[in-house]
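Down below is the structure, laid out as structure tokens.
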Amino acid sequence: MNLKEQFPSNISGWVKYSRYKYSVERGQAVICPHADSQPLVYNPLDAAQDMLLDALNLSRQIKQETIDENQGVLDFAQKYGLLGVCADLPLNDDFFERSMEVYITDNRYDFPTGTMTLTKYLDNFFPKGYLPNREDHLGDLTRRGDLYNALFSRDYSEEKKWIKRYFLSLYDYFLACMDYDRERRTVEIVSEYQVKRLRYTVTAEDKPTLQWIFPSLKSVIDMAMAQCVTSEIKPLRICKKCGEIYYNENARSEFCSGRCRNQWNVYRSRGRK
């Protein structure tokens with residue numbers, strides 16, 4: 001179940017930096033690229049499965065209080081980059097190019113619903129204010145345009161609590177799907193989940209090809225989750241021994257590794273004696 005195979009033609013570039021750091025802005029912990037970090041362009045569709053698993057297992061560890069959540073969230077950003085909340089949240093796709101008001105619906109980031117001026121909206125992601133810079137060209141490099149020139153700049157940041165809340169909601173959704181029984185609780189959780197702003201087009205190069213224009217790293221994780229939970233194979237599994245969430249298309253798989261399987265068998269055999 002590979003997103004790149006499903007969408008071989010896509011606006012594929014995403015930018016992550018070699019180092020990220022925490023800073024405190026308006027009393028909130030935010031994550032942003034380190035001043036001496038270097039940008040790297042990559043295709044997140046190649047890493048969609050790993051991103052989903054890392055997000056789910058980080059959430060599991062946060063809930064079980066078995067990890068330093070600050071370091072865990074920073075490590076995720078270090079590995080994949082920031083989520084791209086600035087591009088993912090608005091309902092109107094062209095808000096940046098047209099300097100329009102931003103339209104926001106219900107969300108998990110504490111943004112008020114309704115309209116917001118562009119300047120006020122950008123202040124949430126650029127605490128020191130955003131000014132166009134000729135050096136910010138990574139959006140053009142990835143064929144994405146001016147909004148992503150800003151989003152891929154070193155000045156862009158995201159609050160840690162936004163990332164954490166998104167991961168925890170993703171984990172709750174996963175558990176609801178695993179326990180889905182058509183009861184009201186699970187039905188409400190599952191029905192609330194949506195892959196928003198699913199934009200696509202059809203290219204006509206060698207042949208007509210479906211092209212997904214994903215707006216954010218978050219949308220790639222959302223799509224990977226949607227594919228997994230709606231598959232007949234149900235490839236996302238919880239290890240019977242350690243509780244880690246892992247990916248395996250074998251319907252009989254119960255353990256994330258041979259080590260966990262062997263330990264489980266040893267404990268079970270000892271229990272029989």
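Residue names in the structure tokens use chain letters A, B, ... in the order shown, residue numbers from 1 in each chain, and ligand numbers from 1 in the order shown.
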Practice problem: Please report, as a ChimeraX atom specification, each residue of region 27-89 of chain A to which DSSP assigns strand (DSSP E or B) when run on this structure's backbone. | Solution: /A:28-33,39-42
I'd like a table as JSON lines: residues in region 17-131 of chain A with an atom no more than 9 Å from region 162-182 of chain A, each row giving the shortest atom pair and its distance in Å to one decimal, only C-alpha atoms counted, sorted by chain and rising residue number.
```
{"residue": "A:Ala55", "atom": "CA", "partner": "A:Phe167", "partner_atom": "CA", "distance": 5.8}
{"residue": "A:Leu56", "atom": "CA", "partner": "A:Tyr171", "partner_atom": "CA", "distance": 5.4}
{"residue": "A:Asn57", "atom": "CA", "partner": "A:Tyr171", "partner_atom": "CA", "distance": 8.3}
{"residue": "A:Leu58", "atom": "CA", "partner": "A:Phe167", "partner_atom": "CA", "distance": 7.8}
{"residue": "A:Ser59", "atom": "CA", "partner": "A:Leu168", "partner_atom": "CA", "distance": 5.3}
{"residue": "A:Arg60", "atom": "CA", "partner": "A:Tyr171", "partner_atom": "CA", "distance": 7.2}
{"residue": "A:Ile62", "atom": "CA", "partner": "A:Leu168", "partner_atom": "CA", "distance": 8.4}
{"residue": "A:Lys63", "atom": "CA", "partner": "A:Leu168", "partner_atom": "CA", "distance": 8.2}
{"residue": "A:Glu69", "atom": "CA", "partner": "A:Lys164", "partner_atom": "CA", "distance": 8.3}
{"residue": "A:Val73", "atom": "CA", "partner": "A:Lys164", "partner_atom": "CA", "distance": 7.2}
{"residue": "A:Leu82", "atom": "CA", "partner": "A:Ile163", "partner_atom": "CA", "distance": 8.6}
{"residue": "A:Leu83", "atom": "CA", "partner": "A:Ile163", "partner_atom": "CA", "distance": 7.4}
{"residue": "A:Val85", "atom": "CA", "partner": "A:Trp162", "partner_atom": "CA", "distance": 8.5}
{"residue": "A:Arg108", "atom": "CA", "partner": "A:Arg165", "partner_atom": "CA", "distance": 6.7}
{"residue": "A:Tyr109", "atom": "CA", "partner": "A:Trp162", "partner_atom": "CA", "distance": 5.2}
{"residue": "A:Asp110", "atom": "CA", "partner": "A:Trp162", "partner_atom": "CA", "distance": 8.3}
```
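For the residues A:Cys242, A:Pro127, A:Asp136, A:Asn248, ranking by smallest atom-to-atom distance to Gln263 (chain A) using only C-alpha atoms places A:Cys242 first.
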Practice problem: Give the alpha helix (DSSP H) residues of region 28-192 of chain A, as DSSP finds them on the backbone, and put them as an MDAnalysis selection string. | Solution: chainID A and resid 48:64 69:80 85:88 118:123 138:141 146:151 160:178 184:192
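Candidate residues A:Leu217, A:Gly84, A:Asp123, A:Arg261 were compared for distance to Leu151 (chain A), and the nearest is A:Gly84, using only C-alpha atoms.
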Self-check item: All residues 12 Å or closer to Val24 (chain A), only C-alpha atoms, same chain fewer than 2 positions away omitted, as a PyMOL selection string
Solution: chain A and resi 21-22+26-32+127-128+157-160
Selected residues written out with C-alpha atoms, as a compact mmCIF listing (two decimals), in the first residue's frame:
```txt
# COMPACT_ATOMS: atom_id res chain seq x y z
CA LYS A 21 15.14 23.67 17.82
CA TYR A 22 12.65 24.85 20.42
CA ARG A 26 4.07 34.29 23.18
CA GLY A 27 4.47 31.88 26.07
CA GLN A 28 4.28 28.79 23.82
CA ALA A 29 6.94 26.28 22.86
CA VAL A 30 7.46 26.39 19.10
CA ILE A 31 9.64 24.32 16.78
CA CYS A 32 11.59 25.99 13.98
CA PRO A 127 6.15 35.31 15.56
CA LYS A 128 8.60 37.98 14.44
CA SER A 157 7.48 27.70 13.12
CA GLU A 158 4.75 25.49 14.56
CA GLU A 159 3.67 25.20 18.16
CA LYS A 160 4.53 21.92 19.82
```
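Take the candidates A:Trp14, A:Tyr80, A:Tyr156, A:Phe125 and check each one against Ser216 (chain A) using only C-alpha atoms; the shortest distance goes to A:Trp14.
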